[in-house]
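Heads up: the structure comes next, in C-alpha cells.
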Amino acid sequence: MSGLSPEPGARLVVILGPTASGKSALGITLAERLAGEILVCDSTQVYRHFDIGTAKVPPSEQRGIPHHLVDLVEPQELFTAGEYRRRALEVLANLRGKAKLPIITAGTGLYLRALLEGLADAPERSEELRERLRQKAKLHGPVYLHRLLARTDKEAAARIAPRDTQKIIRAIEIRTLAGKSVGDVHRSGREGLSGYDVKKIGLSPPRGALYARIDARFDSMIAAGWMEEIRKLVDSGVAANAKPFQFIGYSELRACLEGGRGTTEAIKQIQQATRRFAKRQITWFRKEPDMHWLSGFGDDPAVEEAALRIARLGQAPSSS
RNA sequence: GGACGGGUGGGUGAGUGGCUAAAACCAGCAGACUGUAAAUCUGCCGCUCCUUGCGGGCUACGGAGGUUCGAAUCCUCCCCCGUCCA
C-alpha cells in the first residue's frame, strides 16, 4: 500500500542497513547531491545527551545538512514507535513544503515499518497495567502470563512464545484496553505512508568486514570521549535505570566507571553485543520489500554512485 | 628421575561401562517480532545419505593397543600440560 498511491508524488529515499554499515555517511552524500535533508530513523538517537555511543553524527560532520528526528526526548522519558511515526510525518510534511528530498537513514526496523506501513489502531502502553502484570509474572513464574493471555486471546497466545514476557504483556495490554483480540485489532488495518515514490537502498557489506568496522568504531568512540560523556550523564543525575542507559555499551561502561573494574572484559562484551545487534538488524531488513541492495559500505565511492543512480531513477544498478 | 592431578566437540566445562553425537554455558548461524525494538523471544549447531524418520551410515572424548555383547568411562604402554618431591 505504501508508495503505491495513484499519483507517484514526491520522492523519498530510504537508506537502511546494520549498524556501522555507513548509512549516515551515504545519507549526507546523497543529501548534498540531491538537495535533501536527513530523517534519522534510530530508536536510540532520539535521546538527548546520549551522543557518542549512539553514533549520532556530530554537527561538525553534518556538512550543513539538517538532521531531523534526533534529540527528541530527555533520558528519563519513554519513546515509542507510534510517537516516532507522528514526528516523522510532521517532518515529511515540512520538507514537502520546502521541496526538499527526504532521506531516511534507518537502523531501527520497527520504526521504519511504523512510518512506511503504519501502525494498527491499538491502545498506547499503560504503565500501571504493565506493572501489575510484571508483578504477577514475578509471583507465578514466567509462563503464567502466557496462560493468562491464552484464556482471553488464544490466537495471540499461539503466536507468542511462552517466555516472551515483553510481547505477552503487550498482547494482554491490547486485549484488555481495546476490548478485542490482538488479531482483530491488527486486522482492522493500518494506514501506510502514501503519496511518496519510495526508493529503498540497503547497505550489505560482507559480514567479516562489518564486524571489523564495529570493533574499530568502538575504539573511535572511546577516543571521542565516550567515557567522559557517561561520567557527565551520571554526574548530572540520570538514573541508572533510564532507558538509554540500557543501550549497548552504556550499561557496561557505566559499570566500569562506577565499579572501577577493568574495561577489557567490558570491551569484548560490547563489541559482541553490537555484532549480535547487527545480525538482528540484517535479519529484519532481509525481508523488507522492494529493496535495492548494495554490497558495500556507505562511504565506498562505488556504492555512492550506485545509490545516486537508484535515488534518481529508482532503478537497480544492474539494470542501468 | 619420582609422586600426584589433568588432557572431552570452535571455547569454557559436565560426564566413571549401555538411556551419550556426548549436559550446561559461551561463541557462531538462522529465524520471529504492529507503541521498551541497541529491546524481547525461538530454532539449529560433527560429517553425510535418503523413501525427512523420535530414519540410515560414517567419524569423535591426547595416541596406540587390550578387556567386554557394549568404553569418553576399565587395563597396558606412549605423548603432552600443571603442581609437588628429588
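Identifiers in the C-alpha cells: chain A, B, ... in order shown; residue index from 1 per chain; ligand index from 1 in order shown.
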- At most 9 Å to chain B: residues in chain A, only C-alpha atoms (C1' of nucleotides), as number ranges by chain: A: 43-44, 54, 78-83, 108-111, 113-114, 118-120, 122-125, 160-167, 186, 190, 243, 246-249, 273-274, 277, 283-284
- Task: Apply DSSP to the backbone of this structure and, from stretch 104-302 of chain A, keep only the residues in strand (DSSP E); write these as a ChimeraX atom specification.
- Result: /A:104-106,196-203,291-294
- Task: Fewer than 5 positions away in the same chain doesn't count, so skip those; otherwise give me all residues within 12 Å of B:C78, counting only C-alpha atoms (C1' of nucleotides), as a PyMOL selection string.
- Result: chain B and resi 62-65
Let me see the file: selected residues, C-alpha atoms (C1' of nucleotides), as a tab-separated table (two decimals), in the first residue's frame.
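part_9.tsv was written with the following content:
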```tsv
chain	number	residue	atom	x	y	z
B	62	G	C1'	45.52	-36.82	23.60
B	63	G	C1'	47.88	-41.59	20.74
B	64	A	C1'	48.35	-46.94	20.13
B	65	G	C1'	46.78	-51.48	21.82
```
Find the spatial neighbours of A:Arg130, counting only C-alpha atoms (C1' of nucleotides), within a cut-off of 10 Å - ignore same-chain residues fewer than 2 positions away - and output them as an mmCIF file with N, CA and C atoms, in the first residue's frame.
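That gives us result15.cif:
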```cif
data_model
loop_
_atom_site.group_PDB
_atom_site.id
_atom_site.type_symbol
_atom_site.label_atom_id
_atom_site.label_comp_id
_atom_site.auth_asym_id
_atom_site.auth_seq_id
_atom_site.Cartn_x
_atom_site.Cartn_y
_atom_site.Cartn_z
ATOM 1 N N ARG A 125 0.725 2.200 25.434
ATOM 2 C CA ARG A 125 1.098 1.416 26.606
ATOM 3 C C ARG A 125 0.567 2.048 27.887
ATOM 4 N N SER A 126 0.247 1.198 28.801
ATOM 5 C CA SER A 126 -0.241 1.646 30.098
ATOM 6 C C SER A 126 0.707 1.153 31.174
ATOM 7 N N GLU A 127 1.392 2.089 31.789
ATOM 8 C CA GLU A 127 2.411 1.699 32.777
ATOM 9 C C GLU A 127 1.812 0.957 33.960
ATOM 10 N N GLU A 128 0.620 1.398 34.388
ATOM 11 C CA GLU A 128 0.003 0.768 35.565
ATOM 12 C C GLU A 128 -0.297 -0.706 35.285
ATOM 13 N N ARG A 132 1.390 -4.114 36.982
ATOM 14 C CA ARG A 132 0.613 -5.174 37.627
ATOM 15 C C ARG A 132 0.952 -6.538 37.012
ATOM 16 N N LEU A 133 1.037 -6.577 35.687
ATOM 17 C CA LEU A 133 1.340 -7.834 35.016
ATOM 18 C C LEU A 133 2.738 -8.334 35.359
ATOM 19 N N ARG A 134 3.658 -7.391 35.436
ATOM 20 C CA ARG A 134 5.028 -7.783 35.760
ATOM 21 C C ARG A 134 5.097 -8.388 37.164
ATOM 22 N N GLN A 135 4.337 -7.823 38.078
ATOM 23 C CA GLN A 135 4.298 -8.374 39.437
ATOM 24 C C GLN A 135 3.760 -9.798 39.424
ATOM 25 N N LYS A 136 2.713 -9.992 38.662
ATOM 26 C CA LYS A 136 2.129 -11.326 38.573
ATOM 27 C C LYS A 136 3.129 -12.319 38.003
ATOM 28 N N GLN A 166 7.770 -9.818 27.364
ATOM 29 C CA GLN A 166 7.549 -8.462 26.850
ATOM 30 C C GLN A 166 6.419 -8.425 25.827
ATOM 31 N N ILE A 169 2.988 -9.293 27.471
ATOM 32 C CA ILE A 169 2.410 -8.156 28.197
ATOM 33 C C ILE A 169 1.759 -7.178 27.223
ATOM 34 N N ARG A 170 2.422 -6.918 26.148
ATOM 35 C CA ARG A 170 1.842 -6.019 25.149
ATOM 36 C C ARG A 170 0.516 -6.591 24.625
ATOM 37 N N ILE A 172 -1.571 -8.708 26.120
ATOM 38 C CA ILE A 172 -2.613 -8.621 27.155
ATOM 39 C C ILE A 172 -3.097 -7.178 27.256
ATOM 40 N N GLU A 173 -2.155 -6.265 27.151
ATOM 41 C CA GLU A 173 -2.478 -4.850 27.224
ATOM 42 C C GLU A 173 -3.477 -4.468 26.130
#
```
- Report as a PyMOL selection string: the residues of stretch 65-294 of chain A with a DSSP assignment of helix (DSSP H, G or I), based on the backbone of this structure. chain A and resi 81-98+109-117+127-140+144-152+154-159+165-178+182-187+207-223+226-235+243-246+250-259+264-286
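Between atom CA of A:Tyr47 and atom CA of A:Pro18 there is a distance of 19.6 Å.
Excluding B:G10 itself and same-chain residues fewer than 6 positions from it, the residues having an atom within 12 Å of it are C26, A27, G28, C45 and G46 of chain B, counting only C-alpha atoms (C1' of nucleotides).
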